[in-house]
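Asks: Structure: query.txt, compact mmCIF, C-alpha atoms.
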# COMPACT_ATOMS: atom_id res chain seq x y z
CA MET A 259 -13.61 -14.25 24.57
CA SER A 260 -13.61 -10.45 24.99
CA ASP A 261 -15.11 -7.68 22.84
CA LEU A 262 -11.57 -6.64 21.89
CA VAL A 263 -10.68 -5.81 18.29
CA MET A 264 -7.04 -6.59 17.50
CA HIS A 265 -5.40 -4.83 14.55
CA ILE A 266 -2.37 -6.47 12.93
CA THR A 267 -0.05 -4.18 10.98
CA GLY A 268 3.47 -4.80 9.85
CA ALA A 269 4.56 -2.89 6.76
CA ARG A 270 4.43 0.63 5.41
CA PRO A 271 1.31 0.07 3.24
CA ASN A 272 -0.71 -1.12 6.25
CA PHE A 273 -0.49 2.01 8.36
CA PRO A 274 -2.52 4.51 6.29
CA LYS A 275 -5.19 1.82 5.81
CA ALA A 276 -5.46 1.06 9.52
CA ALA A 277 -5.35 4.64 10.84
CA PRO A 278 -8.90 5.72 9.88
CA VAL A 279 -10.39 2.40 11.00
CA ILE A 280 -8.73 2.62 14.42
CA ALA A 281 -9.84 6.24 14.81
CA ALA A 282 -13.44 5.50 13.84
CA LEU A 283 -13.65 2.53 16.21
CA SER A 284 -12.16 4.64 18.99
CA ASP A 285 -14.89 7.24 18.42
CA ARG A 286 -17.41 4.44 19.00
CA GLY A 287 -15.76 3.34 22.22
CA VAL A 288 -14.61 -0.05 20.94
CA ALA A 289 -11.80 -1.73 22.90
CA GLN A 290 -8.80 -2.15 20.63
CA LYS A 291 -5.25 -3.45 20.61
CA LEU A 292 -2.66 -2.61 17.97
CA VAL A 293 -0.01 -5.20 17.17
CA HIS A 294 2.95 -4.23 14.98
CA THR A 295 4.75 -7.28 13.65
CA GLY A 296 7.90 -5.34 12.84
CA GLN A 297 7.98 -6.60 9.25
CA HIS A 298 9.09 -3.07 8.36
CA TYR A 299 11.28 -1.67 11.11
CA ASP A 300 13.23 1.23 9.58
CA ASP A 301 12.02 4.58 10.99
CA ASN A 302 11.01 5.93 7.58
CA MET A 303 9.18 2.72 6.74
CA SER A 304 7.42 2.33 10.08
CA ALA A 305 7.73 4.60 13.14
CA VAL A 306 7.28 7.84 11.18
CA PHE A 307 3.77 6.71 10.21
CA PHE A 308 2.70 6.43 13.82
CA ARG A 309 3.91 9.98 14.45
CA GLU A 310 2.42 11.51 11.31
CA LEU A 311 -0.90 9.69 11.10
CA GLY A 312 -1.92 9.97 14.72
CA LEU A 313 -1.79 6.22 15.20
CA PRO A 314 -1.54 5.07 18.79
CA GLN A 315 1.77 3.51 19.65
CA PRO A 316 1.58 -0.26 19.20
CA ASP A 317 0.55 -2.18 22.28
CA VAL A 318 2.80 -4.98 21.07
CA ASN A 319 5.77 -4.94 18.69
CA LEU A 320 6.78 -8.44 17.67
CA GLY A 321 10.02 -7.20 16.12
CA VAL A 322 10.29 -9.98 13.54
CA GLY A 323 12.39 -7.99 11.07
CA SER A 324 13.24 -9.08 7.55
CA GLY A 325 13.77 -12.54 6.11
CA SER A 326 12.54 -14.87 3.41
CA HIS A 327 8.80 -15.15 2.89
CA ALA A 328 8.72 -18.47 4.74
CA SER A 329 10.90 -17.46 7.68
CA GLN A 330 9.22 -14.09 8.13
CA THR A 331 5.69 -15.53 7.96
CA ALA A 332 6.62 -18.32 10.37
CA ALA A 333 8.22 -15.91 12.84
CA ILE A 334 5.12 -13.70 12.82
CA MET A 335 2.82 -16.69 13.32
CA THR A 336 4.84 -18.04 16.23
CA ALA A 337 5.04 -14.71 18.04
CA LEU A 338 1.49 -13.63 17.26
CA GLU A 339 -0.10 -16.86 18.44
CA THR A 340 1.02 -16.11 22.00
CA VAL A 341 -0.50 -12.61 21.87
CA VAL A 342 -3.82 -13.80 20.43
CA LEU A 343 -4.10 -16.65 22.94
CA GLU A 344 -3.49 -14.25 25.81
CA ASP A 345 -6.12 -11.69 24.73
CA ARG A 346 -8.63 -13.87 22.87
CA PRO A 347 -10.00 -10.92 20.83
CA ALA A 348 -13.46 -11.04 19.32
CA LEU A 349 -12.06 -9.97 15.96
CA VAL A 350 -8.66 -9.76 14.31
CA MET A 351 -8.42 -7.08 11.62
CA VAL A 352 -5.83 -7.46 8.88
CA TYR A 353 -4.90 -5.03 6.13
CA GLY A 354 -3.72 -5.36 2.55
CA ASP A 355 -1.55 -8.19 1.25
CA VAL A 356 1.79 -8.30 3.08
CA ASN A 357 3.22 -11.33 4.89
CA SER A 358 1.92 -10.00 8.22
CA THR A 359 -1.60 -10.10 6.79
CA LEU A 360 -1.36 -13.74 5.78
CA ALA A 361 0.35 -14.80 9.01
CA ALA A 362 -2.30 -13.13 11.18
CA ALA A 363 -5.14 -14.65 9.17
CA LEU A 364 -3.68 -18.14 9.56
CA VAL A 365 -3.16 -17.73 13.31
CA ALA A 366 -6.65 -16.33 13.95
CA SER A 367 -8.32 -18.94 11.77
CA LYS A 368 -6.67 -21.86 13.54
CA LEU A 369 -7.65 -20.40 16.92
CA GLY A 370 -11.25 -19.86 15.92
CA ILE A 371 -11.01 -16.06 16.08
CA GLY A 372 -13.05 -13.96 13.64
CA ILE A 373 -11.09 -12.28 10.84
CA ALA A 374 -11.90 -9.04 9.01
CA HIS A 375 -9.85 -8.24 5.91
CA VAL A 376 -9.61 -4.61 4.89
CA GLU A 377 -8.85 -4.27 1.15
CA ALA A 378 -10.35 -7.65 0.28
CA GLY A 379 -10.95 -8.93 -3.23
CA LEU A 380 -8.08 -7.27 -5.10
CA ARG A 381 -6.73 -9.59 -7.77
CA SER A 382 -3.90 -9.34 -10.28
CA PHE A 383 -4.35 -12.98 -11.36
CA ASP A 384 -0.56 -13.17 -11.37
CA TRP A 385 0.56 -16.08 -9.22
CA THR A 386 4.21 -15.06 -9.48
CA MET A 387 3.38 -12.22 -7.06
CA PRO A 388 3.68 -13.26 -3.39
CA GLU A 389 1.06 -10.64 -2.60
CA GLU A 390 -1.50 -12.43 -4.78
CA ILE A 391 -1.08 -15.60 -2.74
CA ASN A 392 -1.44 -13.59 0.47
CA ARG A 393 -4.62 -11.91 -0.82
CA VAL A 394 -6.37 -15.06 -1.96
CA VAL A 395 -5.58 -17.11 1.14
CA THR A 396 -6.53 -14.28 3.49
CA ASP A 397 -9.84 -13.74 1.71
CA ARG A 398 -10.59 -17.46 1.87
CA LEU A 399 -10.12 -17.41 5.65
CA ALA A 400 -11.84 -14.08 6.40
CA ASP A 401 -15.26 -13.84 8.02
CA ARG A 402 -15.83 -10.24 6.90
CA LEU A 403 -14.37 -8.85 3.69
CA TYR A 404 -14.18 -5.08 3.24
CA ALA A 405 -13.78 -4.22 -0.45
CA THR A 406 -12.55 -0.94 -1.89
CA SER A 407 -14.19 -1.22 -5.33
CA ALA A 408 -16.92 -3.02 -7.26
CA ASP A 409 -14.46 -5.18 -9.20
CA ALA A 410 -13.11 -6.52 -5.89
CA VAL A 411 -16.65 -7.46 -4.84
CA ALA A 412 -17.12 -9.26 -8.17
CA HIS A 413 -13.87 -11.22 -7.75
CA LEU A 414 -14.97 -12.43 -4.32
CA GLY A 415 -18.35 -13.47 -5.67
CA ASN A 416 -16.71 -15.35 -8.54
CA GLU A 417 -14.60 -17.24 -5.98
CA GLY A 418 -17.68 -18.37 -4.11
CA VAL A 419 -17.50 -16.02 -1.14
CA SER A 420 -20.96 -15.59 0.35
CA ALA A 421 -22.43 -12.16 -0.36
CA ASP A 422 -23.36 -11.70 3.29
CA LYS A 423 -19.64 -11.65 4.20
CA ILE A 424 -18.77 -8.85 1.75
CA ARG A 425 -19.09 -5.11 2.29
CA LEU A 426 -18.25 -2.46 -0.31
CA VAL A 427 -16.90 0.33 1.92
CA GLY A 428 -14.52 2.40 -0.20
CA ASN A 429 -10.83 2.92 0.41
CA PRO A 430 -9.57 3.76 3.92
CA MET A 431 -6.14 4.67 2.56
CA ILE A 432 -7.86 7.52 0.73
CA ASP A 433 -9.42 8.58 4.06
CA THR A 434 -5.88 9.09 5.32
CA LEU A 435 -4.81 10.92 2.17
CA LEU A 436 -7.73 13.35 2.30
CA ALA A 437 -7.37 13.91 6.05
CA HIS A 438 -3.71 14.92 5.70
CA ARG A 439 -3.81 16.55 2.26
CA ASP A 440 -3.17 20.05 3.62
CA ARG A 441 0.03 18.85 5.29
CA PHE A 442 1.67 17.38 2.18
CA ASP A 443 4.96 19.16 1.58
CA GLY A 444 7.89 17.98 -0.52
CA SER A 445 9.74 21.30 -0.46
CA ARG A 446 12.55 20.11 1.82
CA VAL A 447 13.57 17.37 -0.61
CA ARG A 448 13.10 19.59 -3.67
CA ASP A 449 15.24 22.33 -2.11
CA GLN A 450 17.85 19.80 -1.04
CA LEU A 451 18.05 18.46 -4.60
CA GLY A 452 17.95 21.90 -6.19
CA LEU A 453 14.77 21.17 -8.15
CA SER A 454 13.00 24.31 -9.26
CA GLY A 455 11.12 22.98 -12.28
CA ARG A 456 8.95 19.99 -12.98
CA TYR A 457 10.08 16.51 -11.98
CA ALA A 458 8.90 12.90 -11.84
CA VAL A 459 8.82 10.52 -8.88
CA ALA A 460 9.80 6.87 -9.33
CA THR A 461 9.50 3.93 -6.93
CA LEU A 462 10.70 0.42 -7.69
CA HIS A 463 10.86 -2.60 -5.41
CA ARG A 464 9.00 -5.60 -6.86
CA PRO A 465 11.12 -8.73 -7.32
CA ALA A 466 10.01 -9.11 -10.94
CA ASN A 467 11.56 -5.72 -11.70
CA VAL A 468 14.64 -5.44 -9.48
CA ASP A 469 15.79 -9.01 -8.73
CA ASP A 470 16.31 -10.30 -12.27
CA PRO A 471 19.12 -8.59 -14.23
CA ALA A 472 17.35 -9.51 -17.47
CA ALA A 473 14.36 -7.43 -16.34
CA LEU A 474 16.31 -4.68 -14.58
CA THR A 475 18.58 -3.82 -17.52
CA PRO A 476 15.82 -2.65 -19.92
CA LEU A 477 14.01 -0.98 -17.03
CA VAL A 478 17.13 1.05 -16.19
CA ALA A 479 17.48 2.04 -19.86
CA ALA A 480 13.82 3.14 -19.94
CA LEU A 481 14.08 5.20 -16.74
CA SER A 482 17.29 6.75 -18.02
CA ALA A 483 15.39 7.82 -21.13
CA VAL A 484 12.73 9.43 -18.95
CA ALA A 485 15.48 11.17 -16.98
CA ASP A 486 16.82 12.59 -20.25
CA GLU A 487 13.57 14.59 -20.37
CA VAL A 488 12.82 15.38 -16.73
CA ASP A 489 14.43 15.13 -13.30
CA VAL A 490 13.48 11.90 -11.51
CA VAL A 491 13.30 11.67 -7.71
CA LEU A 492 13.86 8.06 -6.65
CA PRO A 493 13.28 7.11 -3.00
CA LEU A 494 15.23 3.88 -2.55
CA HIS A 495 13.12 1.16 -0.97
CA PRO A 496 15.35 -1.05 1.21
CA ARG A 497 14.26 -3.95 -0.98
CA GLY A 498 16.16 -3.60 -4.22
CA ALA A 499 18.24 -0.55 -3.26
CA ALA A 500 21.55 -2.36 -3.69
CA ARG A 501 20.63 -3.66 -7.14
CA LEU A 502 19.50 -0.23 -8.30
CA GLU A 503 22.72 1.26 -7.01
CA GLN A 504 24.72 -1.35 -8.93
CA SER A 505 22.67 -0.95 -12.10
CA GLY A 506 24.19 2.36 -13.14
CA LEU A 507 20.84 4.16 -13.01
CA LEU A 508 21.96 6.44 -10.19
CA ALA A 509 24.87 7.70 -12.30
CA HIS A 510 22.43 9.60 -14.52
CA PRO A 511 22.70 13.30 -13.59
CA ASN A 512 18.93 13.75 -13.55
CA VAL A 513 18.20 10.74 -11.32
CA HIS A 514 18.13 11.84 -7.70
CA ALA A 515 18.19 8.92 -5.27
CA ILE A 516 17.01 9.68 -1.74
CA ASP A 517 16.35 7.65 1.38
CA PRO A 518 12.72 6.75 2.05
CA VAL A 519 10.80 9.69 3.52
CA GLY A 520 7.72 9.96 5.68
CA TYR A 521 4.12 9.87 4.58
CA THR A 522 3.37 13.59 4.27
CA GLU A 523 6.72 14.37 2.68
CA PHE A 524 6.50 11.55 0.16
CA LEU A 525 2.95 12.43 -0.88
CA GLY A 526 4.01 16.07 -1.03
CA LEU A 527 6.57 15.05 -3.63
CA VAL A 528 3.99 12.97 -5.49
CA ALA A 529 1.27 15.64 -5.35
CA GLU A 530 3.59 18.26 -6.83
CA SER A 531 5.15 16.02 -9.50
CA ALA A 532 4.53 15.98 -13.23
CA LEU A 533 4.17 12.18 -13.27
CA VAL A 534 4.93 9.05 -11.28
CA VAL A 535 6.61 5.86 -12.46
CA THR A 536 6.05 2.97 -10.06
CA ASP A 537 5.52 -0.72 -9.47
CA SER A 538 3.72 -0.10 -6.17
CA GLY A 539 0.06 -0.86 -5.59
CA GLY A 540 -0.90 1.89 -3.18
CA ILE A 541 0.66 4.70 -5.21
CA GLN A 542 -1.66 3.81 -8.08
CA GLU A 543 -4.55 4.69 -5.76
CA GLU A 544 -2.98 7.84 -4.32
CA THR A 545 -2.14 9.29 -7.74
CA THR A 546 -5.69 8.49 -8.86
CA VAL A 547 -7.10 10.82 -6.21
CA LEU A 548 -4.35 13.45 -6.58
CA GLY A 549 -4.71 13.63 -10.37
CA VAL A 550 -1.07 12.78 -11.08
CA PRO A 551 -0.36 10.69 -14.20
CA CYS A 552 0.84 7.28 -13.01
CA LEU A 553 2.80 4.88 -15.21
CA THR A 554 2.87 1.45 -13.61
CA LEU A 555 5.74 -0.80 -14.65
CA ARG A 556 3.87 -4.06 -14.41
CA PRO A 557 2.05 -6.38 -16.84
CA ASN A 558 -1.05 -6.31 -14.62
CA THR A 559 -2.61 -4.56 -11.66
CA GLU A 560 -4.86 -5.69 -8.84
CA ARG A 561 -6.26 -2.16 -8.92
CA PRO A 562 -7.80 -1.83 -12.41
CA VAL A 563 -10.23 0.76 -11.07
CA THR A 564 -7.29 3.20 -11.09
CA ILE A 565 -7.19 2.79 -14.88
CA THR A 566 -10.94 3.05 -15.51
CA ASP A 567 -11.54 5.71 -12.84
CA GLY A 568 -8.20 7.37 -12.36
CA THR A 569 -4.90 8.41 -13.89
CA ASN A 570 -3.06 5.09 -14.08
CA GLN A 571 -1.62 3.31 -17.13
CA LEU A 572 0.25 0.02 -17.36
CA VAL A 573 3.54 0.32 -19.22
CA THR A 574 6.47 -1.86 -20.20
CA PRO A 575 10.09 -0.73 -20.24
CA ALA A 576 9.80 -0.52 -24.02
CA SER A 577 6.72 1.73 -23.92
CA LEU A 578 7.70 3.82 -20.88
CA PRO A 579 9.80 6.55 -22.58
CA ALA A 580 7.16 7.41 -25.20
CA THR A 581 4.29 7.19 -22.71
CA ALA A 582 6.14 9.43 -20.25
CA ALA A 583 6.95 11.93 -23.00
CA LYS A 584 3.26 12.05 -23.96
CA ALA A 585 2.20 12.57 -20.34
CA LEU A 586 4.74 15.37 -19.92
CA ALA A 587 3.59 17.04 -23.13
CA GLU A 588 -0.09 16.86 -22.16
CA GLY A 589 0.45 17.99 -18.57
CA ARG A 590 -1.64 16.99 -15.60
CA PRO A 591 -5.40 16.62 -16.09
CA THR A 592 -7.76 19.29 -14.86
CA THR A 593 -10.60 16.81 -14.33
CA TRP A 594 -10.59 13.04 -13.94
CA PRO A 595 -12.90 10.35 -12.54
CA ILE A 596 -12.42 9.01 -9.01
CA PRO A 597 -13.79 5.62 -7.93
CA PRO A 598 -17.09 5.59 -6.02
CA LEU A 599 -16.88 5.77 -2.22
CA TRP A 600 -13.29 7.02 -2.26
CA ASP A 601 -14.66 9.93 -0.29
CA GLY A 602 -12.84 9.94 3.04
CA HIS A 603 -15.47 7.97 4.97
CA ALA A 604 -14.45 4.34 4.45
CA GLY A 605 -13.12 4.04 7.99
CA GLU A 606 -16.47 5.14 9.38
CA ARG A 607 -18.32 2.60 7.24
CA ILE A 608 -16.00 -0.17 8.39
CA ALA A 609 -16.34 0.84 12.04
CA ARG A 610 -20.12 0.86 11.82
CA ASP A 611 -20.11 -2.65 10.44
CA VAL A 612 -17.57 -3.91 12.97
CA VAL A 613 -19.78 -2.65 15.80
CA SER A 614 -22.68 -4.61 14.31
CA LEU A 615 -20.50 -7.74 14.33
CA LEU A 616 -19.63 -7.25 18.00
CA ASP A 617 -23.23 -6.76 19.12
What do you get writing this file as C-alpha cells?
Replies:
Amino acid sequence: MSDLVMHITGARPNFPKAAPVIAALSDRGVAQKLVHTGQHYDDNMSAVFFRELGLPQPDVNLGVGSGSHASQTAAIMTALETVVLEDRPALVMVYGDVNSTLAAALVASKLGIGIAHVEAGLRSFDWTMPEEINRVVTDRLADRLYATSADAVAHLGNEGVSADKIRLVGNPMIDTLLAHRDRFDGSRVRDQLGLSGRYAVATLHRPANVDDPAALTPLVAALSAVADEVDVVLPLHPRGAARLEQSGLLAHPNVHAIDPVGYTEFLGLVAESALVVTDSGGIQEETTVLGVPCLTLRPNTERPVTITDGTNQLVTPASLPATAAKALAEGRPTTWPIPPLWDGHAGERIARDVVSLLD
C-alpha cells in the first residue's frame, strides 16, 4: 500500500468541499489522486468548478452519468473498485452525502482501505431522504470523521462512534467561499434579465418537493406569491427542471428561469440578493456566512447550526409567502452569528490531521 490519498468527488456539492483539502495537502507534499465519478457531468454542474476553484483536472473520470440510486451507485462501485485496486491508496477521502460518497465508502471498506469522511455527522433524522442513508452508512464505515459543527460531533457520539475517530475541523466549503469572495459577480445574469432592483434567488430539486404533484402544487403557489412581491431568479437544476417547467411557475412574469451557472456567478447572485428560497443543504451554509436571509422549504435540516448561528429558517409552502414578506420588509441583517471554526482554515486542519494519519 502506498502513501497516496485518493479523493472521490462526483457531484456539484463535492467540489467546493474538496478544493481546500486538496490544496492544503498539496502544500504539505502529500501524493494525491483525484477521481471524478461523473455523477454530475453537465459543464455547469461539474467542469466549471475545476476551472473556477483551481482544482486539478481529475486523474480519472469514471463517467457514470445519471441513473436510479441503485444503478448509479452500482456503476460507481464497479468502476471505482478497479481504480482503487490498481493504486491501493493509504486513504480514500469522501465528501458530503451524494451517491458517489456512499459508493466510494463501500468499495474502500471492502478492500480494507482507510476512509476519511469530510462533512461527517450531519443528520436530518429523515429516512425518506436518500442523502440521510448515504450519510449514516458512510459515517459507520469511516475511520476518520471530519465534522463541521458541534452538533455533528454530538450525533456521531450518540451513534457510538469512538471519540478518537472524530475531529471538529470547521467547514471546508466555507474555506472556498471566503477564498473566492472577491470574485463573486452576478451582474451578467442580472443584466441579461433586466434586473435593476432587489430580487430573490430560488433553487429547488429535492424529490419530496418536485417529484410529487401533491407537494409541488402548493409550492408553486407559494413561490408565485413571493414573485408577486419580488423578482425571483430560478436556476433550473437538471433534476426537476421538466416538472417545474410543466407546473406553470415559469409563466409568472417575475420568475426568471435560467440554466445552472458556475460557482462564482451563482454565489454572486446569492450574495447580492434580498433573500434565498431553497431546499438545498449547502446553500443554507453559504447564506449563513454571506448574511442573506435563507428560507428552506423542508420540514427538517441536517444543518441546524445555520438556524442557531446563521440566517436560515425552515418554512412550509403555507408559511413561505408571509415569511418572505417579513424578510423583505426587515432587509438583510447588519450583524449575525457565524458558526465556530467557519473561518477559512478547515482545509488546513484536515490536511494536518491527514498527515498525522499517514505517518
Asks: For a cut-off of 12 Å around (11.3, 23.3, -10.4), file coordinates, pick out all residues using only C-alpha atoms and list them as a PyMOL selection string.
Replies: chain A and resi 444-445+447-458+488-490+527+530-532
Asks: Atom CA of A:Leu508 and atom CA of A:Pro579, how far apart in Å?
Replies: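 Taking atom CA of A:Pro579 and atom CA of A:Leu508, their separation equals 17.4 Å.
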Asks: Using all atoms listed in the file, can you tell me which of A:Val484, A:Leu343, A:Val468, A:Ala609 comes closest to A:Arg556?
Replies: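 Among the listed residues, the smallest separation from A:Arg556 belongs to A:Val468.
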Asks: Restricting the calculation to only C-alpha atoms, which member of A:Val563, A:Val547, A:Leu462, A:Leu474 is positioned closest to A:Gly506?
Replies: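 Closest to A:Gly506 of all the choices is A:Leu474.
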Asks: Skip stretch 307-313 of chain A itself and residues of its chain fewer than 5 positions away, then list as a ChimeraX atom specification all residues within 10 Å of it, counting all atoms listed in the file.
Replies: /A:270-274,276-278,280-281,292,301-302,434-435,437-438,441,520-522
Asks: One number please: atom CA of A:Gly428 to atom CA of A:Ala374, in Å, one decimal.
Replies: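 Separating atom CA of A:Gly428 from atom CA of A:Ala374 is a distance of 14.9 Å.
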Asks: Grab the atom CA of A:Gly418 to atom CA of A:Leu380 distance for me, in Å with one decimal place.
Replies: 14.7 Å
Asks: Counting only C-alpha atoms, note down every residue that has an atom within 12 Å of the point (-0.9, -21.6, 7.3) (file coordinates), as a compact mmCIF listing (two decimals) with C-alpha atoms, keeping the file's coordinate frame.
Replies:
# COMPACT_ATOMS: atom_id res chain seq x y z
CA ALA A 328 8.72 -18.47 4.74
CA THR A 331 5.69 -15.53 7.96
CA ALA A 332 6.62 -18.32 10.37
CA ILE A 334 5.12 -13.70 12.82
CA MET A 335 2.82 -16.69 13.32
CA THR A 336 4.84 -18.04 16.23
CA ASN A 357 3.22 -11.33 4.89
CA SER A 358 1.92 -10.00 8.22
CA THR A 359 -1.60 -10.10 6.79
CA LEU A 360 -1.36 -13.74 5.78
CA ALA A 361 0.35 -14.80 9.01
CA ALA A 362 -2.30 -13.13 11.18
CA ALA A 363 -5.14 -14.65 9.17
CA LEU A 364 -3.68 -18.14 9.56
CA VAL A 365 -3.16 -17.73 13.31
CA ALA A 366 -6.65 -16.33 13.95
CA SER A 367 -8.32 -18.94 11.77
CA LYS A 368 -6.67 -21.86 13.54
CA LEU A 369 -7.65 -20.40 16.92
CA ILE A 391 -1.08 -15.60 -2.74
CA ASN A 392 -1.44 -13.59 0.47
CA VAL A 395 -5.58 -17.11 1.14
CA THR A 396 -6.53 -14.28 3.49
CA ARG A 398 -10.59 -17.46 1.87
CA LEU A 399 -10.12 -17.41 5.65
Asks: Counting only C-alpha atoms, which of A:Ala289, A:Val573, A:Val322, A:Val341 gets nearest to A:Asp261?
Replies: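 Using only C-alpha atoms, the shortest distance to A:Asp261 belongs to A:Ala289.
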Asks: With 4 Å on each side, where is the centre of the axis-aligned box around all listed atoms of stretch 561-575 of chain A, and how long are its edges in Å to one decimal, as lines of an AutoDock Vina configuration file?
Replies:
center_x = -0.7
center_y = 3.1
center_z = -14.6
size_x = 29.6
size_y = 18.6
size_z = 19.3
Asks: Just want the 12 Å neighbourhood of A:Thr592, counted on only C-alpha atoms, with same-chain residues fewer than 6 positions away dropped. Output as a ChimeraX atom specification.
Replies: /A:548-551,569
Asks: Which residues come within 9 Å of A:Val288, counting all atoms listed in the file, excluding same-chain residues fewer than 3 positions away, as a short mmCIF file (atom, residue, chain, number, x, y, z; two decimals) with C-alpha atoms, in the frame of the given file?
Replies:
data_model
loop_
_atom_site.label_atom_id
_atom_site.label_comp_id
_atom_site.auth_asym_id
_atom_site.auth_seq_id
_atom_site.Cartn_x
_atom_site.Cartn_y
_atom_site.Cartn_z
CA ASP A 261 -15.11 -7.68 22.84
CA LEU A 262 -11.57 -6.64 21.89
CA VAL A 263 -10.68 -5.81 18.29
CA LEU A 283 -13.65 2.53 16.21
CA SER A 284 -12.16 4.64 18.99
CA ASP A 285 -14.89 7.24 18.42
CA VAL A 613 -19.78 -2.65 15.80
#
Asks: If you count all atoms listed in the file, which residues fall within 10 Å of stretch 500-505 of chain A, apart from same-chain ones fewer than 6 positions away, as a ChimeraX atom specification?
Replies: /A:462-463,468-471,474-475,477-479,494,515
Asks: Each residue of stretch 369-463 of chain A lying at most 9 Å from stretch 598-605 of chain A should get a row with its shortest atom-to-atom pair and the distance in Å to one decimal, counting only C-alpha atoms; could you produce that, ordered by chain and increasing number, as CSV?
Replies:
residue,atom,partner,partner_atom,distance
A:Thr406,CA,A:Leu599,CA,8.0
A:Ser407,CA,A:Pro598,CA,7.4
A:Ala408,CA,A:Pro598,CA,8.7
A:Leu426,CA,A:Leu599,CA,8.6
A:Val427,CA,A:Ala604,CA,5.3
A:Gly428,CA,A:Leu599,CA,4.6
A:Asn429,CA,A:Trp600,CA,5.5
A:Pro430,CA,A:Ala604,CA,4.9
A:Met431,CA,A:Ala604,CA,8.5
A:Ile432,CA,A:Gly602,CA,6.0
A:Asp433,CA,A:Gly602,CA,3.8
A:Thr434,CA,A:Gly602,CA,7.4
A:Leu435,CA,A:Gly602,CA,8.1
A:Leu436,CA,A:Gly602,CA,6.2
A:Ala437,CA,A:Gly602,CA,7.4
Asks: Determine the nearest neighbour of A:Pro591 from the options A:Thr546, A:Ser420, A:Thr574, A:Thr386, counting all atoms listed in the file.
Replies: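 Result for the nearest residue to A:Pro591: A:Thr546.
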Asks: Select, from A:Gln330, A:Thr581, A:Asn467, A:Thr545, the residue with the minimum atom-to-atom distance to A:Ala529, counting only C-alpha atoms.
Replies: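 Closest candidate: A:Thr545.
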